[in-house]
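Listing of upload_22.txt, compact mmCIF, C-alpha atoms
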```
# COMPACT_ATOMS: atom_id res chain seq x y z
CA MET A 4 159.06 59.69 -24.96
CA GLY A 5 161.27 61.20 -22.37
CA ARG A 6 161.25 63.84 -19.73
CA ILE A 7 158.69 66.24 -18.35
CA LYS A 8 158.63 68.70 -15.49
CA ILE A 9 155.70 69.29 -13.15
CA ILE A 10 156.01 72.73 -11.61
CA ILE A 11 154.26 73.35 -8.28
CA ASP A 12 153.54 77.08 -7.93
CA LEU A 13 153.23 79.13 -4.74
CA ALA A 14 149.50 78.32 -4.53
CA ARG A 15 150.47 74.59 -4.58
CA SER A 16 148.92 74.07 -8.04
CA PRO A 17 150.74 71.67 -10.38
CA HIS A 18 151.49 72.97 -13.91
CA VAL A 19 152.33 70.83 -16.94
CA LYS A 20 153.17 72.01 -20.50
CA LEU A 21 152.43 69.61 -23.35
CA SER A 22 151.52 69.52 -27.03
CA ASP A 23 147.79 69.59 -27.76
CA LYS A 24 147.80 65.88 -28.64
CA LYS A 25 149.65 64.85 -25.46
CA THR A 26 147.38 67.15 -23.44
CA MET A 27 144.32 65.33 -24.76
CA GLU A 28 145.92 61.96 -24.00
CA LEU A 29 146.68 63.13 -20.45
CA LEU A 30 143.13 64.38 -19.88
CA GLU A 31 141.68 61.14 -21.27
CA CYS A 32 143.89 59.12 -18.91
CA ILE A 33 142.81 61.25 -15.95
CA LEU A 34 139.18 60.82 -16.99
CA SER A 35 139.55 57.04 -17.03
CA HIS A 36 141.08 56.96 -13.52
CA HIS A 37 139.34 59.89 -11.82
CA GLY A 38 135.90 59.90 -13.42
CA GLU A 39 134.08 62.68 -15.21
CA THR A 40 133.76 66.18 -13.78
CA ARG A 41 132.49 69.31 -15.49
CA ASP A 42 135.90 71.00 -15.46
CA LEU A 43 137.58 67.95 -16.99
CA SER A 44 134.96 67.77 -19.76
CA GLU A 45 135.35 71.51 -20.45
CA ALA A 46 139.14 71.23 -20.55
CA MET A 47 138.89 68.40 -23.07
CA ARG A 48 136.46 70.45 -25.18
CA ILE A 49 138.88 73.38 -25.19
CA ILE A 50 141.81 71.22 -26.30
CA ALA A 51 139.67 69.48 -28.95
CA ASN A 52 138.77 72.92 -30.35
CA PHE A 53 142.23 74.42 -29.79
CA ASP A 54 142.26 76.95 -32.64
CA GLU A 55 138.84 78.39 -31.83
CA PHE A 56 139.62 78.88 -28.14
CA TYR A 57 143.11 80.21 -28.90
CA ASN A 58 141.63 82.88 -31.20
CA MET A 59 138.94 83.73 -28.66
CA ALA A 60 141.51 84.15 -25.86
CA ARG A 61 143.69 86.39 -28.04
CA LYS A 62 140.73 88.60 -28.99
CA LYS A 63 139.90 89.09 -25.31
CA PHE A 64 143.58 89.62 -24.40
CA GLU A 65 143.38 86.76 -21.93
CA GLU A 66 146.44 84.70 -21.18
CA TYR A 67 144.57 81.96 -19.31
CA LEU A 68 141.20 80.35 -19.91
CA PHE A 69 139.44 79.73 -16.62
CA ILE A 70 137.54 76.47 -16.62
CA PRO A 71 133.91 76.38 -15.39
CA LYS A 72 133.56 74.12 -12.36
CA ASP A 73 130.65 72.39 -10.70
CA SER A 74 130.29 73.77 -7.17
CA ARG A 75 129.60 70.28 -5.81
CA ASP A 76 132.87 68.99 -7.28
CA ALA A 77 134.70 71.96 -5.76
CA ILE A 78 133.26 71.28 -2.30
CA LEU A 79 134.11 67.59 -2.55
CA GLY A 80 137.65 68.34 -3.78
CA ARG A 81 137.06 66.57 -7.12
CA VAL A 82 138.05 69.50 -9.36
CA VAL A 83 140.88 68.57 -11.73
CA VAL A 84 141.67 71.55 -14.00
CA HIS A 85 141.82 75.12 -12.69
CA LYS A 86 142.85 76.93 -15.90
CA ILE A 87 144.56 76.42 -19.26
CA LYS A 88 146.97 78.53 -21.27
CA LEU A 89 147.06 77.89 -25.03
CA GLU A 90 150.19 78.72 -27.01
CA LYS A 91 151.21 78.53 -30.65
CA ASN A 92 154.98 78.49 -30.73
CA ASN A 93 156.56 75.58 -32.59
CA GLY A 94 153.18 73.89 -32.78
CA LYS A 95 150.10 73.88 -30.59
CA ASN A 96 150.90 73.66 -26.90
CA ALA A 97 148.91 73.89 -23.70
CA GLU A 98 149.85 74.60 -20.13
CA ILE A 99 147.42 72.97 -17.74
CA ILE A 100 147.18 74.35 -14.22
CA PHE A 101 145.60 71.69 -12.06
CA ASP A 102 143.60 72.32 -8.91
CA ARG A 103 145.88 72.33 -5.88
CA ARG A 104 143.92 69.44 -4.33
CA PHE A 105 144.30 67.23 -7.40
CA ASP A 106 146.23 64.02 -6.69
CA LEU A 107 149.85 64.51 -7.79
CA ASP A 108 150.41 60.73 -7.83
CA LEU A 109 147.56 60.29 -10.33
CA LEU A 110 149.09 63.02 -12.50
CA LYS A 111 152.47 61.24 -12.44
CA LYS A 112 150.82 57.88 -13.20
CA CYS A 113 148.99 59.31 -16.22
CA LEU A 114 152.13 61.05 -17.49
CA GLU A 115 153.90 57.68 -17.33
CA GLU A 116 151.00 56.01 -19.15
CA ILE A 117 151.21 58.48 -22.04
CA GLY A 118 154.93 57.89 -22.48
CA PHE A 119 156.97 60.02 -20.09
CA SER A 120 159.62 57.97 -18.30
CA GLU A 121 161.36 60.76 -16.37
CA ILE A 122 159.06 63.00 -14.34
CA GLU A 123 160.63 65.81 -12.35
CA VAL A 124 158.67 67.76 -9.74
CA GLU A 125 159.92 71.30 -9.10
CA ARG A 126 158.49 73.49 -6.37
CA GLN A 127 158.71 77.22 -6.98
CA ILE A 128 159.96 79.16 -3.98
CA PHE A 129 160.04 82.95 -4.05
```

What is this structure when it is put down as structure tokens?
Amino acid sequence: MGRIKIIIDLARSPHVKLSDKKTMELLECILSHHGETRDLSEAMRIIANFDEFYNMARKKFEEYLFIPKDSRDAILGRVVVHKIKLEKNNGKNAEIIFDRRFDLDLLKKCLEEIGFSEIEVERQIF
């Protein structure tokens, strides 16, 4: 498929922007390698119901949808998805902001599995 950029923000959280279909493929890959967590299930539900959640976010004037997390997963460092931004410009797209403790190597592995051959990691420095 090509190239993708993982952006690491100042809080050390990886961000990835993908189409809704590629986002679902990525989340399914992570699920198969990482195991199920509440936040991962909720993120998949949001992407599966993209239009409904997009409209709800716009009505509430929210840019990001914060994902409910299980406190046990948070304590154990098993949280995968921190928040999601849904966009409709040239199709349905999602920006996933992963938890800062999520394994970057697993993210890269899953991106490769869904068809990205060139993965660039960019750290934001301000």

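With CA of Ser16 in chain A on one side and CA of Asn52 in chain A on the other, the separation reads 24.5 Å.
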
Closest atom pairs, residues of range 5-73 of chain A within 7 Å of range 121-127 of chain A, all atoms listed in the file, as a tab-separated table:
```
residue	atom	partner	partner_atom	distance
A:Gly5	CA	A:Glu121	CA	6.0
A:Arg6	CA	A:Glu121	CA	4.6
A:Ile7	CA	A:Ile122	CA	5.2
A:Lys8	CA	A:Glu123	CA	4.7
A:Ile9	CA	A:Val124	CA	4.8
A:Ile10	CA	A:Glu125	CA	4.9
A:Ile11	CA	A:Arg126	CA	4.6
A:Asp12	CA	A:Gln127	CA	5.3
A:Leu13	CA	A:Gln127	CA	6.2
```

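Separating CA of Ile33 in chain A from CA of Glu55 in chain A is a distance of 23.7 Å.
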
- line: Residue with the minimum atom-to-atom distance to Thr26 in chain A, picked from A:Asn92, A:Ala46, A:Glu65, A:Asp73 with only C-alpha atoms counted, is A:Ala46

field: Pick from A:Val19, A:Ala14, A:Val84, A:Leu30 nearest to Glu116 in chain A, counting only C-alpha atoms
entry: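 Closest residue, counting only C-alpha atoms: A:Leu30.
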
query: Can you list, as a list in words, every protein, DNA or RNA residue that comes within 10 Å of Leu68 in chain A when you count only C-alpha atoms, leaving out same-chain residues fewer than 4 positions away?
result: Ala46, Ile49, Phe56, Tyr57, Met59, Ala60, His85, Lys86, Ile87, Lys88, Leu89 and Ile99 of chain A

Convert the current residue selection to file output with C-alpha atoms, as a CSV table (one decimal), in the coordinates of the input.
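File produced: out.csv:
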```csv
chain,number,residue,atom,x,y,z
A,46,ALA,CA,139.1,71.2,-20.6
A,49,ILE,CA,138.9,73.4,-25.2
A,56,PHE,CA,139.6,78.9,-28.1
A,57,TYR,CA,143.1,80.2,-28.9
A,59,MET,CA,138.9,83.7,-28.7
A,60,ALA,CA,141.5,84.2,-25.9
A,85,HIS,CA,141.8,75.1,-12.7
A,86,LYS,CA,142.8,76.9,-15.9
A,87,ILE,CA,144.6,76.4,-19.3
A,88,LYS,CA,147.0,78.5,-21.3
A,89,LEU,CA,147.1,77.9,-25.0
A,99,ILE,CA,147.4,73.0,-17.7
```

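Excluding Val82 in chain A and any residue on its chain fewer than 3 positions from it, the residues at most 9 Å away by all atoms listed in the file are A:Thr40, A:Arg41, A:Asp42, A:Leu43, A:Lys72, A:Asp73, A:Asp76, A:Ala77, A:Ile78, A:Leu79, A:His85, A:Phe101, A:Asp102, A:Arg104, A:Phe105.
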
- prompt: What does the distance between CA of Asn96 in chain A and CA of Ala51 in chain A come to in Å, to one decimal place?
  reply: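 Interatomic distance, CA of Asn96 in chain A to CA of Ala51 in chain A: 12.2 Å.
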
query: Which residues come within 9 Å of Glu28 in chain A, counting only C-alpha atoms, excluding same-chain residues fewer than 4 positions away, as a list in words?
result: Asp23, Lys24, Cys32, Ile33, Cys113 and Ile117 of chain A

task: Select, from A:Arg48, A:Lys63, A:Arg75, A:Lys112, the residue with the minimum atom-to-atom distance to Met27 in chain A, counting only C-alpha atoms.
output: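 When distances to Met27 in chain A are compared using only C-alpha atoms, the smallest one comes from A:Arg48.
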
task: Return the single residue from A:Asp54, A:Leu34, A:Leu29, A:Asp106 that is closest to Gly94 in chain A, with distances computed using only C-alpha atoms.
output: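 Result for the nearest residue to Gly94 in chain A: A:Asp54.
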